[in-house]
>>> print(open('start-v7.pdb').read())   # PDB, C-alpha atoms and all ligand atoms
ATOM      1  CA  MET N   1     179.679 146.145 118.934
ATOM      2  CA  LYS N   2     176.040 147.173 118.467
ATOM      3  CA  THR N   3     173.765 147.484 121.497
ATOM      4  CA  PRO N   4     170.516 145.459 121.708
ATOM      5  CA  ALA N   5     168.611 148.720 121.098
ATOM      6  CA  GLU N   6     170.600 149.404 117.907
ATOM      7  CA  LEU N   7     170.063 145.816 116.718
ATOM      8  CA  ALA N   8     166.322 146.114 117.460
ATOM      9  CA  ALA N   9     166.194 149.399 115.492
ATOM     10  CA  GLU N  10     167.845 147.650 112.515
ATOM     11  CA  GLN N  11     165.305 144.801 112.646
ATOM     12  CA  ALA N  12     162.430 147.284 112.965
ATOM     13  CA  ALA N  13     163.678 149.223 109.925
ATOM     14  CA  TYR N  14     164.052 146.030 107.906
ATOM     15  CA  TRP N  15     160.675 144.466 108.797
ATOM     16  CA  ASN N  16     158.814 147.774 108.441
ATOM     17  CA  GLY N  17     160.554 148.347 105.090
ATOM     18  CA  PRO N  18     161.874 145.902 102.498
ATOM     19  CA  GLY N  19     161.598 142.804 104.712
ATOM     20  CA  GLY N  20     157.903 143.322 105.436
ATOM     21  CA  GLN N  21     157.118 144.280 101.836
ATOM     22  CA  GLY N  22     159.033 141.263 100.524
ATOM     23  CA  TRP N  23     157.309 138.941 103.022
ATOM     24  CA  LEU N  24     153.854 140.156 101.986
ATOM     25  CA  ALA N  25     154.663 140.032  98.262
ATOM     26  CA  SER N  26     155.994 136.476  98.586
ATOM     27  CA  TYR N  27     153.553 135.205 101.208
ATOM     28  CA  ALA N  28     151.498 132.861  99.036
ATOM     29  CA  ARG N  29     154.701 131.081  98.005
ATOM     30  CA  LEU N  30     156.258 131.230 101.491
ATOM     31  CA  GLU N  31     153.127 129.787 103.043
ATOM     32  CA  ARG N  32     153.226 126.838 100.655
ATOM     33  CA  SER N  33     156.826 126.208 101.770
ATOM     34  CA  LEU N  34     156.115 126.698 105.478
ATOM     35  CA  LEU N  35     152.682 125.102 105.819
ATOM     36  CA  ASP N  36     153.876 121.636 106.884
ATOM     37  CA  ILE N  37     156.379 123.087 109.351
ATOM     38  CA  GLY N  38     153.605 125.269 110.757
ATOM     39  CA  LYS N  39     151.314 122.239 111.164
ATOM     40  CA  THR N  40     154.070 120.340 112.995
ATOM     41  CA  VAL N  41     154.881 123.124 115.444
ATOM     42  CA  LEU N  42     151.173 123.838 116.014
ATOM     43  CA  ALA N  43     150.630 120.144 116.817
ATOM     44  CA  MET N  44     153.591 120.207 119.203
ATOM     45  CA  ALA N  45     152.254 123.368 120.903
ATOM     46  CA  ALA N  46     148.821 121.697 121.306
ATOM     47  CA  ALA N  47     146.850 124.850 122.124
ATOM     48  CA  ARG N  48     143.658 123.878 123.973
ATOM     49  CA  THR N  49     140.168 125.304 124.403
ATOM     50  CA  GLY N  50     140.137 128.385 126.612
ATOM     51  CA  GLU N  51     143.902 128.970 126.660
ATOM     52  CA  ARG N  52     145.631 132.351 126.415
ATOM     53  CA  VAL N  53     148.409 132.350 123.846
ATOM     54  CA  ILE N  54     151.049 134.771 122.538
ATOM     55  CA  ASP N  55     152.251 134.397 118.920
ATOM     56  CA  ILE N  56     155.724 136.009 118.798
ATOM     57  CA  GLY N  57     156.727 137.611 115.488
ATOM     58  CA  CYS N  58     153.308 136.629 114.152
ATOM     59  CA  GLY N  59     153.815 138.353 110.783
ATOM     60  CA  ASN N  60     150.550 138.579 108.876
ATOM     61  CA  GLY N  61     148.925 136.189 111.306
ATOM     62  CA  GLY N  62     148.713 132.810 109.538
ATOM     63  CA  THR N  63     149.594 130.848 112.671
ATOM     64  CA  THR N  64     147.666 133.274 114.902
ATOM     65  CA  GLN N  65     144.472 132.283 113.081
ATOM     66  CA  ALA N  66     145.209 128.588 113.581
ATOM     67  CA  LEU N  67     145.912 129.150 117.287
ATOM     68  CA  ALA N  68     142.721 131.214 117.639
ATOM     69  CA  ALA N  69     140.710 128.355 116.127
ATOM     70  CA  ALA N  70     142.363 125.897 118.544
ATOM     71  CA  VAL N  71     141.631 127.933 121.711
ATOM     72  CA  GLY N  72     138.082 128.758 120.591
ATOM     73  CA  PRO N  73     135.867 131.653 121.682
ATOM     74  CA  SER N  74     136.682 131.131 125.378
ATOM     75  CA  GLY N  75     140.405 131.538 124.677
ATOM     76  CA  HIS N  76     142.468 134.354 123.243
ATOM     77  CA  VAL N  77     145.591 134.880 121.120
ATOM     78  CA  LEU N  78     147.810 137.954 121.175
ATOM     79  CA  GLY N  79     149.894 138.375 118.016
ATOM     80  CA  VAL N  80     152.969 140.579 118.417
ATOM     81  CA  ASP N  81     155.111 141.796 115.571
ATOM     82  CA  ILE N  82     157.573 144.619 115.070
ATOM     83  CA  SER N  83     156.237 145.283 111.544
ATOM     84  CA  GLU N  84     153.345 147.700 111.102
ATOM     85  CA  PRO N  85     152.463 146.505 107.556
ATOM     86  CA  LEU N  86     152.457 142.850 108.605
ATOM     87  CA  ILE N  87     150.253 143.552 111.625
ATOM     88  CA  GLY N  88     147.969 145.563 109.315
ATOM     89  CA  ALA N  89     147.614 142.464 107.114
ATOM     90  CA  ALA N  90     147.024 140.269 110.198
ATOM     91  CA  ARG N  91     144.281 142.552 111.522
ATOM     92  CA  ALA N  92     142.538 142.428 108.138
ATOM     93  CA  HIS N  93     141.658 138.765 108.818
ATOM     94  CA  ARG N  94     139.328 139.976 111.606
ATOM     95  CA  VAL N  95     139.756 137.027 113.935
ATOM     96  CA  SER N  96     137.332 137.662 116.792
ATOM     97  CA  ASN N  97     139.394 136.020 119.550
ATOM     98  CA  ALA N  98     142.782 137.442 118.490
ATOM     99  CA  THR N  99     144.302 140.881 118.969
ATOM    100  CA  PHE N 100     147.453 142.215 117.384
ATOM    101  CA  VAL N 101     150.043 144.689 118.586
ATOM    102  CA  VAL N 102     152.927 146.338 116.796
ATOM    103  CA  GLY N 103     155.972 146.178 119.044
ATOM    104  CA  ASN N 104     159.287 144.651 119.952
ATOM    105  CA  ALA N 105     158.317 141.354 121.590
ATOM    106  CA  ALA N 106     161.606 141.372 123.507
ATOM    107  CA  THR N 107     160.499 144.333 125.605
ATOM    108  CA  HIS N 108     156.712 144.391 125.174
ATOM    109  CA  PRO N 109     155.003 144.768 128.583
ATOM    110  CA  PHE N 110     152.960 141.537 128.564
ATOM    111  CA  GLU N 111     150.607 140.960 131.465
ATOM    112  CA  ALA N 112     152.662 138.949 133.971
ATOM    113  CA  ALA N 113     151.938 135.259 134.704
ATOM    114  CA  SER N 114     148.852 135.339 132.472
ATOM    115  CA  TYR N 115     149.485 133.150 129.436
ATOM    116  CA  ASP N 116     149.386 129.377 128.926
ATOM    117  CA  LEU N 117     151.499 129.238 125.780
ATOM    118  CA  VAL N 118     154.147 131.341 124.039
ATOM    119  CA  PHE N 119     154.349 130.192 120.422
ATOM    120  CA  SER N 120     156.375 131.159 117.367
ATOM    121  CA  ARG N 121     156.977 130.004 113.814
ATOM    122  CA  PHE N 122     160.328 131.509 112.808
ATOM    123  CA  GLY N 123     159.759 134.729 114.782
ATOM    124  CA  VAL N 124     162.245 134.440 117.670
ATOM    125  CA  MET N 125     165.670 134.660 115.980
ATOM    126  CA  PHE N 126     165.819 138.420 115.620
ATOM    127  CA  PHE N 127     166.495 139.716 119.151
ATOM    128  CA  GLY N 128     169.602 141.747 120.025
ATOM    129  CA  ASP N 129     169.458 140.394 123.597
ATOM    130  CA  PRO N 130     167.737 136.991 123.345
ATOM    131  CA  VAL N 131     168.090 136.182 127.059
ATOM    132  CA  ALA N 132     166.219 139.377 127.988
ATOM    133  CA  ALA N 133     163.581 138.594 125.335
ATOM    134  CA  PHE N 134     162.969 135.042 126.563
ATOM    135  CA  ARG N 135     162.945 136.213 130.185
ATOM    136  CA  ASN N 136     160.159 138.593 129.117
ATOM    137  CA  PHE N 137     158.231 135.637 127.623
ATOM    138  CA  GLN N 138     158.899 133.459 130.684
ATOM    139  CA  GLN N 139     157.473 136.150 132.958
ATOM    140  CA  ALA N 140     154.355 136.459 130.797
ATOM    141  CA  LEU N 141     153.651 132.741 131.222
ATOM    142  CA  LYS N 142     151.713 131.188 134.095
ATOM    143  CA  PRO N 143     153.922 128.942 136.271
ATOM    144  CA  ALA N 144     152.570 125.897 134.382
ATOM    145  CA  GLY N 145     152.836 127.670 131.032
ATOM    146  CA  ARG N 146     154.840 126.403 128.088
ATOM    147  CA  LEU N 147     156.974 127.633 125.210
ATOM    148  CA  ALA N 148     156.839 126.098 121.712
ATOM    149  CA  PHE N 149     158.647 127.398 118.650
ATOM    150  CA  VAL N 150     160.371 126.389 115.441
ATOM    151  CA  CYS N 151     163.591 127.947 114.124
ATOM    152  CA  TRP N 152     166.050 127.123 111.343
ATOM    153  CA  ARG N 153     169.153 125.007 111.896
ATOM    154  CA  LYS N 154     172.483 126.179 110.438
ATOM    155  CA  PRO N 155     172.735 127.420 106.818
ATOM    156  CA  ASP N 156     174.729 124.410 105.583
ATOM    157  CA  GLU N 157     171.868 122.157 106.762
ATOM    158  CA  ASN N 158     169.401 124.263 104.741
ATOM    159  CA  PRO N 159     170.294 123.869 101.050
ATOM    160  CA  TRP N 160     166.984 125.517 100.042
ATOM    161  CA  GLY N 161     168.448 128.764 101.417
ATOM    162  CA  LEU N 162     172.134 128.243 100.781
ATOM    163  CA  VAL N 163     172.222 126.799  97.254
ATOM    164  CA  PRO N 164     170.733 129.817  95.397
ATOM    165  CA  VAL N 165     172.705 132.321  97.481
ATOM    166  CA  ARG N 166     176.015 130.475  96.900
ATOM    167  CA  ALA N 167     175.340 130.287  93.165
ATOM    168  CA  ALA N 168     174.435 133.969  92.868
ATOM    169  CA  ALA N 169     177.043 135.447  95.219
ATOM    170  CA  PRO N 170     180.027 135.550  92.796
ATOM    171  CA  PHE N 171     178.063 137.859  90.484
ATOM    172  CA  LEU N 172     176.714 140.277  93.101
ATOM    173  CA  PRO N 173     178.058 142.982  95.415
ATOM    174  CA  PRO N 174     179.231 141.451  98.713
ATOM    175  CA  LEU N 175     176.373 139.804 100.574
ATOM    176  CA  PRO N 176     175.847 140.499 104.276
ATOM    177  CA  ARG N 177     177.810 137.971 106.352
ATOM    178  CA  PRO N 178     176.109 137.879 109.745
ATOM    179  CA  GLY N 179     178.015 136.196 112.577
ATOM    180  CA  PRO N 180     176.432 132.983 113.934
ATOM    181  CA  GLU N 181     174.986 134.851 116.942
ATOM    182  CA  ASP N 182     173.842 137.996 115.103
ATOM    183  CA  PRO N 183     170.060 138.424 114.946
ATOM    184  CA  GLY N 184     168.712 136.838 111.772
ATOM    185  CA  GLN N 185     167.294 133.764 110.105
ATOM    186  CA  TYR N 186     170.004 131.348 111.319
ATOM    187  CA  ALA N 187     170.760 132.883 114.743
ATOM    188  CA  PHE N 188     169.326 129.827 116.546
ATOM    189  CA  GLY N 189     171.145 127.269 114.397
ATOM    190  CA  ASP N 190     173.315 126.083 117.294
ATOM    191  CA  PRO N 191     171.159 124.046 119.706
ATOM    192  CA  ALA N 192     173.662 124.545 122.559
ATOM    193  CA  ARG N 193     173.137 128.291 122.230
ATOM    194  CA  VAL N 194     169.340 127.889 122.218
ATOM    195  CA  GLU N 195     169.513 125.745 125.335
ATOM    196  CA  ARG N 196     171.790 128.255 127.096
ATOM    197  CA  ILE N 197     169.450 131.168 126.219
ATOM    198  CA  LEU N 198     166.399 129.303 127.522
ATOM    199  CA  LYS N 199     168.132 128.178 130.741
ATOM    200  CA  GLU N 200     169.437 131.678 131.448
ATOM    201  CA  SER N 201     165.992 133.141 130.909
ATOM    202  CA  GLY N 202     164.401 130.791 133.454
ATOM    203  CA  PHE N 203     162.875 127.997 131.338
ATOM    204  CA  SER N 204     163.118 124.331 132.338
ATOM    205  CA  ALA N 205     162.359 120.918 130.777
ATOM    206  CA  ILE N 206     163.946 122.113 127.542
ATOM    207  CA  SER N 207     163.544 119.880 124.495
ATOM    208  CA  ILE N 208     165.245 120.624 121.163
ATOM    209  CA  GLU N 209     164.470 118.122 118.400
ATOM    210  CA  PRO N 210     165.446 118.143 114.730
ATOM    211  CA  LEU N 211     162.785 118.421 112.060
ATOM    212  CA  ASP N 212     163.972 117.629 108.538
ATOM    213  CA  VAL N 213     161.571 118.876 105.951
ATOM    214  CA  PRO N 214     161.635 119.237 102.168
ATOM    215  CA  ILE N 215     161.140 122.863 101.165
ATOM    216  CA  TRP N 216     159.129 123.612  98.028
ATOM    217  CA  MET N 217     160.800 126.508  96.217
ATOM    218  CA  GLY N 218     158.695 126.797  93.058
ATOM    219  CA  ALA N 219     157.077 124.860  90.230
ATOM    220  CA  ASP N 220     160.330 124.845  88.247
ATOM    221  CA  ALA N 221     163.723 126.553  88.182
ATOM    222  CA  ALA N 222     162.406 129.363  85.948
ATOM    223  CA  GLU N 223     159.684 130.175  88.470
ATOM    224  CA  VAL N 224     162.150 130.205  91.368
ATOM    225  CA  VAL N 225     164.399 132.534  89.375
ATOM    226  CA  ALA N 226     161.496 134.824  88.493
ATOM    227  CA  ASN N 227     160.840 135.260  92.213
ATOM    228  CA  ALA N 228     164.476 135.341  93.343
ATOM    229  CA  GLY N 229     165.447 138.518  95.131
ATOM    230  CA  ARG N 230     161.989 139.359  96.407
ATOM    231  CA  PHE N 231     162.826 138.442  99.981
ATOM    232  CA  GLY N 232     165.844 137.448 102.091
ATOM    233  CA  PRO N 233     169.584 137.930 101.569
ATOM    234  CA  LEU N 234     169.296 138.052  97.767
ATOM    235  CA  ALA N 235     166.815 140.938  98.002
ATOM    236  CA  ARG N 236     169.421 142.960  99.870
ATOM    237  CA  ALA N 237     172.141 142.094  97.333
ATOM    238  CA  PHE N 238     169.911 142.703  94.288
ATOM    239  CA  ALA N 239     169.055 146.161  95.652
ATOM    240  CA  ASP N 240     172.719 147.171  95.260
ATOM    241  CA  ALA N 241     173.413 145.265  92.030
ATOM    242  CA  THR N 242     173.394 146.385  88.379
ATOM    243  CA  PRO N 243     170.884 144.799  85.954
ATOM    244  CA  GLU N 244     173.785 142.868  84.341
ATOM    245  CA  GLN N 245     174.883 141.479  87.705
ATOM    246  CA  ILE N 246     171.308 140.444  88.519
ATOM    247  CA  GLU N 247     170.952 138.710  85.128
ATOM    248  CA  LYS N 248     174.161 136.721  85.706
ATOM    249  CA  ALA N 249     173.129 135.852  89.245
ATOM    250  CA  LYS N 250     169.693 134.648  88.065
ATOM    251  CA  SER N 251     171.236 132.575  85.320
ATOM    252  CA  ALA N 252     173.581 130.941  87.879
ATOM    253  CA  ILE N 253     170.598 130.164  90.138
ATOM    254  CA  ALA N 254     168.707 128.596  87.200
ATOM    255  CA  THR N 255     171.721 126.398  86.369
ATOM    256  CA  VAL N 256     172.173 125.169  89.927
ATOM    257  CA  LEU N 257     168.450 124.467  90.477
ATOM    258  CA  LYS N 258     167.720 122.771  87.145
ATOM    259  CA  PRO N 259     168.914 119.333  88.376
ATOM    260  CA  HIS N 260     166.496 119.636  91.324
ATOM    261  CA  GLU N 261     163.384 119.978  89.133
ATOM    262  CA  SER N 262     160.823 117.202  89.517
ATOM    263  CA  ALA N 263     157.097 116.635  89.076
ATOM    264  CA  ALA N 264     156.679 118.041  92.602
ATOM    265  CA  GLY N 265     158.539 121.227  91.643
ATOM    266  CA  VAL N 266     161.932 122.382  92.870
ATOM    267  CA  VAL N 267     162.323 120.899  96.335
ATOM    268  CA  LEU N 268     165.466 121.118  98.467
ATOM    269  CA  PRO N 269     166.152 119.905 102.007
ATOM    270  CA  GLY N 270     165.362 122.144 104.952
ATOM    271  CA  ALA N 271     166.288 121.656 108.591
ATOM    272  CA  CYS N 272     164.647 123.103 111.697
ATOM    273  CA  TRP N 273     164.707 122.788 115.465
ATOM    274  CA  LEU N 274     161.451 122.108 117.243
ATOM    275  CA  VAL N 275     161.861 123.657 120.662
ATOM    276  CA  ARG N 276     159.734 123.154 123.780
ATOM    277  CA  ALA N 277     160.198 124.314 127.345
ATOM    278  CA  SER N 278     158.281 124.914 130.568
ATOM    279  CA  ALA N 279     157.997 128.245 132.310
ATOM    280  CA  GLY N 280     158.219 126.831 135.841
TER     281      GLY N 280
HETATM  282  C1  LIG D 301     160.283 134.949 109.224
HETATM  283  S1  LIG D 301     158.988 136.018 109.688
HETATM  284  C2  LIG D 301     157.803 134.880 110.379
HETATM  285  C3  LIG D 301     156.397 135.434 110.416
HETATM  286  C4  LIG D 301     155.316 134.480 110.969
HETATM  287  N1  LIG D 301     155.671 133.957 112.267
HETATM  288  C5  LIG D 301     155.027 133.343 110.025
HETATM  289  O1  LIG D 301     155.540 132.241 110.220
HETATM  290  O2  LIG D 301     154.281 133.549 109.038
HETATM  291  C6  LIG D 301     159.674 136.781 111.134
HETATM  292  C7  LIG D 301     158.768 137.780 111.792
HETATM  293  O3  LIG D 301     159.375 138.238 113.005
HETATM  294  C8  LIG D 301     159.078 139.613 113.153
HETATM  295  N2  LIG D 301     160.021 140.211 114.107
HETATM  296  C9  LIG D 301     161.357 140.406 113.946
HETATM  297  N3  LIG D 301     161.876 140.956 115.058
HETATM  298  C10 LIG D 301     160.859 141.107 115.952
HETATM  299  C11 LIG D 301     160.761 141.608 117.277
HETATM  300  N4  LIG D 301     161.838 142.069 117.937
HETATM  301  N5  LIG D 301     159.549 141.624 117.880
HETATM  302  C12 LIG D 301     158.448 141.170 117.221
HETATM  303  N6  LIG D 301     158.477 140.683 115.968
HETATM  304  C13 LIG D 301     159.670 140.634 115.337
HETATM  305  C14 LIG D 301     159.170 140.148 111.741
HETATM  306  O4  LIG D 301     158.538 141.397 111.569
HETATM  307  C15 LIG D 301     158.511 139.019 110.955
HETATM  308  O5  LIG D 301     157.133 139.207 110.825
END
>>> encode(input="start-v7.pdb", output="structure tokens", more="lines below")
Ligand SMILES: C[S@@+](CC[C@H](N)C(=O)[O-])C[C@H]1O[C@@H](n2cnc3c(N)ncnc32)[C@H](O)[C@@H]1O
Amino acid sequence: MKTPAELAAEQAAYWNGPGGQGWLASYARLERSLLDIGKTVLAMAAARTGERVIDIGCGNGGTTQALAAAVGPSGHVLGVDISEPLIGAARAHRVSNATFVVGNAATHPFEAASYDLVFSRFGVMFFGDPVAAFRNFQQALKPAGRLAFVCWRKPDENPWGLVPVRAAAPFLPPLPRPGPEDPGQYAFGDPARVERILKESGFSAISIEPLDVPIWMGADAAEVVANAGRFGPLARAFADATPEQIEKAKSAIATVLKPHESAAGVVLPGACWLVRASAG
């Protein structure tokens, strides 16, 4: 079994390498898919004028900018991400009341009892030792501080992710099969696990609510296929596949998505947890 340090090193290698590159290359499309979810979790977090906020796994800083606008010049947002290229892109936005650090949020030495809000949009599912990570966040919060994040539910509740991968898999080298508790996109799919992690790390008043949201995948099936393999599990499989295998996989994705085309584009169901908790 891998240690938390080994798991963190794997995540760092991925997000500083192909994961970070794929995220940046796909960001305009990803942001269109994630915008409504971001708005919902930002509304739930309700950052207020003058507050001090941490944005965990902030990526290239889309939500950090929104939080910085909400807290205003008298407040401050610290964006933390393990990926150097993504933090580079975040810093390029030059938000005056936000600073960014490259680091593992699980172990980053945050100033103790100093923050009002720990926030994340899909940035908290990648820790080798999640209890230690959330204890670190809990200790950074003031006693009246709060936690607000969004994470994905299980893969079978997220057809936008599962349908293309299932269609392509028979034509590709074996895809990674992470266990349900391994760090990754769906690691927080089980709400009982999320609750246990938060309780063990010292949070109280835990609320975990479902958010069902249609996910825009592209204007049509051809566009989704053209972008398939840029990011996520298919990117890893395409990297090891022959051109013939990739062609067959893309054709299978086109076939399975065609029936989902509409005037609004290709839209499949997505399912998240909206999670809130108090530090005290
Ligand atoms: C799915 S992306 C979300 C990015 C951003 N929150 C957004 O919604 O645009 C996940 C992010 O978590 C970051 N990440 C993964 N493990 C991390 C860790 N241990 N500490 C800090 N950031 C991490 C990745 O580099 C990546 O930017």
>>> closest_atom_pairs(input="start-v7.pdb", of="chain N", to="ligand LIG 301 (chain D)", cutoff="8 Å", atoms="only C-alpha atoms and all ligand atoms", output="Markdown table")
| residue | atom | partner | partner_atom | distance |
| --- | --- | --- | --- | --- |
| N:Ala8 | CA | D:LIG301 | N4 | 6.1 |
| N:Gln11 | CA | D:LIG301 | N3 | 5.7 |
| N:Ala12 | CA | D:LIG301 | N3 | 6.7 |
| N:Trp15 | CA | D:LIG301 | O4 | 4.7 |
| N:Asn16 | CA | D:LIG301 | O4 | 7.1 |
| N:Gly19 | CA | D:LIG301 | O4 | 7.6 |
| N:Gly20 | CA | D:LIG301 | O4 | 6.5 |
| N:Trp23 | CA | D:LIG301 | S1 | 7.5 |
| N:Glu31 | CA | D:LIG301 | O2 | 7.2 |
| N:Leu34 | CA | D:LIG301 | O1 | 7.3 |
| N:Gly38 | CA | D:LIG301 | O1 | 7.3 |
| N:Asp55 | CA | D:LIG301 | N1 | 7.5 |
| N:Ile56 | CA | D:LIG301 | C12 | 6.0 |
| N:Gly57 | CA | D:LIG301 | N6 | 3.6 |
| N:Cys58 | CA | D:LIG301 | N1 | 4.0 |
| N:Gly59 | CA | D:LIG301 | O5 | 3.4 |
| N:Asn60 | CA | D:LIG301 | O2 | 6.3 |
| N:Gly61 | CA | D:LIG301 | O2 | 6.4 |
| N:Gly62 | CA | D:LIG301 | O2 | 5.6 |
| N:Thr63 | CA | D:LIG301 | O2 | 6.5 |
| N:Val80 | CA | D:LIG301 | C12 | 5.6 |
| N:Asp81 | CA | D:LIG301 | N6 | 3.6 |
| N:Ile82 | CA | D:LIG301 | N6 | 4.1 |
| N:Ser83 | CA | D:LIG301 | O4 | 4.5 |
| N:Leu86 | CA | D:LIG301 | O5 | 6.3 |
| N:Val102 | CA | D:LIG301 | C12 | 7.6 |
| N:Gly103 | CA | D:LIG301 | C12 | 5.9 |
| N:Asn104 | CA | D:LIG301 | N5 | 3.7 |
| N:Ala105 | CA | D:LIG301 | N5 | 3.9 |
| N:Ala106 | CA | D:LIG301 | N4 | 5.6 |
| N:Ser120 | CA | D:LIG301 | N1 | 5.9 |
| N:Arg121 | CA | D:LIG301 | N1 | 4.4 |
| N:Phe122 | CA | D:LIG301 | C2 | 4.9 |
| N:Gly123 | CA | D:LIG301 | O3 | 4.0 |
| N:Val124 | CA | D:LIG301 | O3 | 6.7 |
| N:Met125 | CA | D:LIG301 | N3 | 7.4 |
| N:Phe126 | CA | D:LIG301 | N3 | 4.7 |
| N:Phe127 | CA | D:LIG301 | N4 | 5.4 |
| N:Gln185 | CA | D:LIG301 | C1 | 7.2 |
>>> axis_aligned_box(input="start-v7.pdb", around="segment 232-242 of chain N", padding_each_side="5 Å", output="lines of an AutoDock Vina configuration file")
center_x = 169.6
center_y = 142.3
center_z = 95.2
size_x = 17.6
size_y = 19.7
size_z = 23.7
>>> closest_atom_pairs(input="start-v7.pdb", of="segment 158-200 of chain N", to="segment 235-243 of chain N", cutoff="12 Å", atoms="only C-alpha atoms", output="Markdown table")
| residue | atom | partner | partner_atom | distance |
| --- | --- | --- | --- | --- |
| N:Val165 | CA | N:Ala237 | CA | 9.8 |
| N:Ala168 | CA | N:Ala237 | CA | 9.6 |
| N:Ala169 | CA | N:Ala237 | CA | 8.5 |
| N:Pro170 | CA | N:Ala237 | CA | 11.2 |
| N:Phe171 | CA | N:Ala241 | CA | 8.9 |
| N:Leu172 | CA | N:Ala241 | CA | 6.1 |
| N:Pro173 | CA | N:Ala241 | CA | 6.2 |
| N:Pro174 | CA | N:Ala237 | CA | 7.3 |
| N:Leu175 | CA | N:Ala237 | CA | 5.8 |
| N:Pro176 | CA | N:Ala237 | CA | 8.0 |
| N:Arg177 | CA | N:Ala237 | CA | 11.4 |
>>> resolve_selection(input="start-v7.pdb", expression="the PyMOL selection byres (((chain N and resi 275) around 9) and not hetatm)", output="list in words")
Val41, Leu147, Ala148, Phe149, Val150, Cys151, Val194, Ile206, Ser207, Ile208, Glu209, Pro210, Trp273, Leu274, Arg276 and Ala277 of chain N
>>> write_last_selection(input="start-v7.pdb", atoms="C-alpha atoms", output="mmCIF file, keeping the file's coordinate frame")
data_model
loop_
_atom_site.group_PDB
_atom_site.id
_atom_site.type_symbol
_atom_site.label_atom_id
_atom_site.label_comp_id
_atom_site.auth_asym_id
_atom_site.auth_seq_id
_atom_site.Cartn_x
_atom_site.Cartn_y
_atom_site.Cartn_z
ATOM 1 C CA VAL N 41 154.881 123.124 115.444
ATOM 2 C CA LEU N 147 156.974 127.633 125.210
ATOM 3 C CA ALA N 148 156.839 126.098 121.712
ATOM 4 C CA PHE N 149 158.647 127.398 118.650
ATOM 5 C CA VAL N 150 160.371 126.389 115.441
ATOM 6 C CA CYS N 151 163.591 127.947 114.124
ATOM 7 C CA VAL N 194 169.340 127.889 122.218
ATOM 8 C CA ILE N 206 163.946 122.113 127.542
ATOM 9 C CA SER N 207 163.544 119.880 124.495
ATOM 10 C CA ILE N 208 165.245 120.624 121.163
ATOM 11 C CA GLU N 209 164.470 118.122 118.400
ATOM 12 C CA PRO N 210 165.446 118.143 114.730
ATOM 13 C CA TRP N 273 164.707 122.788 115.465
ATOM 14 C CA LEU N 274 161.451 122.108 117.243
ATOM 15 C CA ARG N 276 159.734 123.154 123.780
ATOM 16 C CA ALA N 277 160.198 124.314 127.345
#
>>> closest_residue(input="start-v7.pdb", among="N:Leu78, N:Ala90, N:Ala254, N:Val95", to="Asp220 of chain N", atoms="all atoms listed in the file")
N:Ala254
>>> residues_around(input="start-v7.pdb", residues="Leu30 of chain N", least_positions_apart="5", cutoff="9 Å", atoms="all atoms listed in the file", output="PyMOL selection string")
chain N and resi 23+35+216-217
>>> resolve_selection(input="start-v7.pdb", expression="the PyMOL selection byres (((chain N and resi 219) around 10) and not hetatm)", output="VMD selection string")
chain N and resid 216 to 218 220 to 224 261 to 267
>>> resolve_selection(input="start-v7.pdb", expression="the PyMOL selection byres (((chain N and resi 47-49) around 7) and not hetatm)", output="PDB file with C-alpha atoms, in the coordinates of the input")
ATOM      1  CA  ALA N  45     152.254 123.368 120.903  1.00  0.00           C
ATOM      2  CA  ALA N  46     148.821 121.697 121.306  1.00  0.00           C
ATOM      3  CA  GLY N  50     140.137 128.385 126.612  1.00  0.00           C
ATOM      4  CA  GLU N  51     143.902 128.970 126.660  1.00  0.00           C
ATOM      5  CA  LEU N  67     145.912 129.150 117.287  1.00  0.00           C
ATOM      6  CA  ALA N  70     142.363 125.897 118.544  1.00  0.00           C
ATOM      7  CA  VAL N  71     141.631 127.933 121.711  1.00  0.00           C
ATOM      8  CA  GLY N  72     138.082 128.758 120.591  1.00  0.00           C
ATOM      9  CA  SER N  74     136.682 131.131 125.378  1.00  0.00           C
ATOM     10  CA  GLY N  75     140.405 131.538 124.677  1.00  0.00           C
TER      11      GLY N  75
END
>>> closest_residue(input="start-v7.pdb", among="N:Val131, N:Ala252, N:Ala43, N:Val53", to="Phe100 of chain N", atoms="only C-alpha atoms")
N:Val53
>>> atom_distance(input="start-v7.pdb", atom1="atom CA of Val77 of chain N", atom2="atom CA of Gly232 of chain N")
27.9 Å
>>> residues_around(input="start-v7.pdb", residues="Asp156 of chain N", least_positions_apart="4", cutoff="12 Å", atoms="only C-alpha atoms", output="ChimeraX atom specification")
/N:152,160-163,165-166,186,189-190,269-272
>>> closest_residue(input="start-v7.pdb", among="N:Pro259, N:Pro73, N:Pro159, N:Gly280", to="Gln139 of chain N", atoms="all atoms listed in the file")
N:Gly280
>>> atom_distance(input="start-v7.pdb", atom1="atom CA of Thr64 of chain N", atom2="atom CA of Thr99 of chain N")
9.3 Å
>>> closest_residue(input="start-v7.pdb", among="N:Asn227, N:Gln245, N:Ser204, N:Thr107", to="Pro4 of chain N", atoms="only C-alpha atoms")
N:Thr107
>>> closest_residue(input="start-v7.pdb", among="N:Met1, N:Ala89, N:Leu141, N:Ala9", to="Asp182 of chain N", atoms="all atoms listed in the file")
N:Met1
